[in-house]
Amino acid sequence: MALDIAALKAKAAASLAAQQASLGTTSEATNVPAIIEDKVTEVVSTEVDYPPTKQSETTAPVALGAADQIIQRINDLQAALQQSLPGYESILHFIHHELHRNEDVVHILTEDQIGVIVAGLSKKKNVVIATSSAKGGKTPAGKKLKDLDLADL
Amino acid sequence: MRSAAIFWVMIRNAPNLSPGSISLLAGWLCGTHWADNMPEDINKVNEFIKTLYRLELATQDKQLFTQLLATVRNYYDNSAS
């Protein structure tokens, strides 16, 4: 901001001198410009934030959608499993319930998020997930895997 | 049908799941892991897989379906024995 401080000082001093002359006072007129200069400098250096930030808009609670709720619960489940916190079963139950209510949400779940659910299930069932592939499993009546069909159930 | 559809999408989204993980998901989604009666659970899983087979999406990828079939069946057969 390009303010002519010298011009302001001169104008303020002249105004003050005129007021003092009309009032008949002779105070320390020489100090006044210095005081005014300080005030002017203070005003110039103050940063004004326009438009002002509305805190209420950034911190107001927002209702989460079904997808956000499920993803948040999956994150909660991950934290509960990592820190051995109680209550992971209820989180699993919530996810189960909400997925059935909003089945479209399953399309946006990532492999990692599904892995967290599986980790919770394995803890619930107290099992260790084997790393072998399905190819090594038994098949009914010695059939090859590719030959299985609905009749084998 | 809804559980089977969810299961199918999960399998497609996470192709690297182990057989055990797939079986756990199947059992979870058809509700068997919250029950105590194991033979009844196996029947539920069988019905679940049959429902999956009826899904149009599943029938388009028979190789994946047969792997799921064997995977889940083996898991629950071994659990029962």
# chains A, B, ... in the order shown; residues from 1 in each chain; ligands from 1

$ closest_atom_pairs --of "chain B" --to "chain A" --cutoff "10 Å" --atoms "only C-alpha atoms" --output "JSON lines"
{"residue": "B:Arg2", "atom": "CA", "partner": "A:His100", "partner_atom": "CA", "distance": 6.9}
{"residue": "B:Ser3", "atom": "CA", "partner": "A:His100", "partner_atom": "CA", "distance": 7.0}
{"residue": "B:Ala5", "atom": "CA", "partner": "A:Glu103", "partner_atom": "CA", "distance": 8.1}
{"residue": "B:Ile6", "atom": "CA", "partner": "A:Glu103", "partner_atom": "CA", "distance": 6.3}
{"residue": "B:Phe7", "atom": "CA", "partner": "A:Val106", "partner_atom": "CA", "distance": 8.8}
{"residue": "B:Trp8", "atom": "CA", "partner": "A:Val106", "partner_atom": "CA", "distance": 9.7}
{"residue": "B:Val9", "atom": "CA", "partner": "A:His107", "partner_atom": "CA", "distance": 6.4}
{"residue": "B:Met10", "atom": "CA", "partner": "A:Val106", "partner_atom": "CA", "distance": 6.7}
{"residue": "B:Ile11", "atom": "CA", "partner": "A:Glu111", "partner_atom": "CA", "distance": 9.1}
{"residue": "B:Arg12", "atom": "CA", "partner": "A:His107", "partner_atom": "CA", "distance": 9.2}
{"residue": "B:Asn13", "atom": "CA", "partner": "A:Glu111", "partner_atom": "CA", "distance": 5.9}
{"residue": "B:Ala14", "atom": "CA", "partner": "A:Glu111", "partner_atom": "CA", "distance": 4.5}
{"residue": "B:Pro15", "atom": "CA", "partner": "A:Glu111", "partner_atom": "CA", "distance": 7.9}
{"residue": "B:Asn16", "atom": "CA", "partner": "A:Glu111", "partner_atom": "CA", "distance": 8.1}
{"residue": "B:Leu17", "atom": "CA", "partner": "A:Gly115", "partner_atom": "CA", "distance": 7.8}
{"residue": "B:Ser18", "atom": "CA", "partner": "A:Thr131", "partner_atom": "CA", "distance": 5.9}
{"residue": "B:Pro19", "atom": "CA", "partner": "A:Ala134", "partner_atom": "CA", "distance": 5.9}
{"residue": "B:Gly20", "atom": "CA", "partner": "A:Ile129", "partner_atom": "CA", "distance": 5.4}
{"residue": "B:Ser21", "atom": "CA", "partner": "A:Val118", "partner_atom": "CA", "distance": 6.0}
{"residue": "B:Ile22", "atom": "CA", "partner": "A:Val118", "partner_atom": "CA", "distance": 8.4}
{"residue": "B:Ser23", "atom": "CA", "partner": "A:Val118", "partner_atom": "CA", "distance": 9.7}
{"residue": "B:Leu24", "atom": "CA", "partner": "A:Leu121", "partner_atom": "CA", "distance": 6.6}
{"residue": "B:Leu25", "atom": "CA", "partner": "A:Val118", "partner_atom": "CA", "distance": 6.7}
{"residue": "B:Gly27", "atom": "CA", "partner": "A:Leu121", "partner_atom": "CA", "distance": 9.6}
{"residue": "B:Trp28", "atom": "CA", "partner": "A:Leu121", "partner_atom": "CA", "distance": 7.6}
{"residue": "B:Leu29", "atom": "CA", "partner": "A:His96", "partner_atom": "CA", "distance": 7.1}
{"residue": "B:Cys30", "atom": "CA", "partner": "A:His96", "partner_atom": "CA", "distance": 9.9}
{"residue": "B:Gly31", "atom": "CA", "partner": "A:His96", "partner_atom": "CA", "distance": 9.0}
{"residue": "B:His33", "atom": "CA", "partner": "A:Lys125", "partner_atom": "CA", "distance": 7.8}
{"residue": "B:Trp34", "atom": "CA", "partner": "A:His93", "partner_atom": "CA", "distance": 9.5}
{"residue": "B:Asn43", "atom": "CA", "partner": "A:Leu153", "partner_atom": "CA", "distance": 9.9}
{"residue": "B:Asn46", "atom": "CA", "partner": "A:Leu153", "partner_atom": "CA", "distance": 6.7}
{"residue": "B:Glu47", "atom": "CA", "partner": "A:Leu153", "partner_atom": "CA", "distance": 9.0}
{"residue": "B:Ile49", "atom": "CA", "partner": "A:Leu153", "partner_atom": "CA", "distance": 8.6}
{"residue": "B:Lys50", "atom": "CA", "partner": "A:Leu150", "partner_atom": "CA", "distance": 7.0}
{"residue": "B:Tyr53", "atom": "CA", "partner": "A:Leu150", "partner_atom": "CA", "distance": 7.6}
{"residue": "B:Arg54", "atom": "CA", "partner": "A:Leu150", "partner_atom": "CA", "distance": 9.9}
{"residue": "B:Lys62", "atom": "CA", "partner": "A:Lys146", "partner_atom": "CA", "distance": 8.4}
{"residue": "B:Gln63", "atom": "CA", "partner": "A:Lys146", "partner_atom": "CA", "distance": 6.4}
{"residue": "B:Leu64", "atom": "CA", "partner": "A:Lys146", "partner_atom": "CA", "distance": 9.2}
{"residue": "B:Phe65", "atom": "CA", "partner": "A:Asp149", "partner_atom": "CA", "distance": 8.8}
{"residue": "B:Thr66", "atom": "CA", "partner": "A:Leu148", "partner_atom": "CA", "distance": 5.9}
{"residue": "B:Gln67", "atom": "CA", "partner": "A:Ala134", "partner_atom": "CA", "distance": 6.5}
{"residue": "B:Leu68", "atom": "CA", "partner": "A:Ala134", "partner_atom": "CA", "distance": 8.1}
{"residue": "B:Leu69", "atom": "CA", "partner": "A:Leu148", "partner_atom": "CA", "distance": 7.9}
{"residue": "B:Ala70", "atom": "CA", "partner": "A:Thr139", "partner_atom": "CA", "distance": 6.5}
{"residue": "B:Thr71", "atom": "CA", "partner": "A:Ala134", "partner_atom": "CA", "distance": 5.7}
{"residue": "B:Val72", "atom": "CA", "partner": "A:Ala134", "partner_atom": "CA", "distance": 9.3}
{"residue": "B:Arg73", "atom": "CA", "partner": "A:Leu153", "partner_atom": "CA", "distance": 8.1}
{"residue": "B:Asn74", "atom": "CA", "partner": "A:Lys138", "partner_atom": "CA", "distance": 6.6}
{"residue": "B:Tyr75", "atom": "CA", "partner": "A:Gly137", "partner_atom": "CA", "distance": 8.9}
{"residue": "B:Asp77", "atom": "CA", "partner": "A:Lys138", "partner_atom": "CA", "distance": 10.0}
{"residue": "B:Asn78", "atom": "CA", "partner": "A:Lys138", "partner_atom": "CA", "distance": 9.9}

$ select_by_dssp --residues "segment 69-139 of chain A" --states "helix (DSSP H, G or I)" --output "JSON, numbers by chain"
{"A": [69, 70, 71, 72, 73, 74, 75, 76, 77, 78, 79, 80, 81, 82, 88, 89, 90, 91, 92, 93, 94, 95, 96, 97, 98, 99, 100, 101, 103, 104, 105, 106, 107, 108, 111, 112, 113, 114, 115, 116, 117, 118, 119, 120, 121, 122, 123, 124, 125, 134, 135, 136]}

$ atom_distance --atom1 "atom CA of Ala80 of chain A" --atom2 "atom CA of Ala67 of chain A"
19.7 Å

$ atom_distance --atom1 "atom CA of Ala4 of chain B" --atom2 "atom CA of Val116 of chain A"
19.6 Å
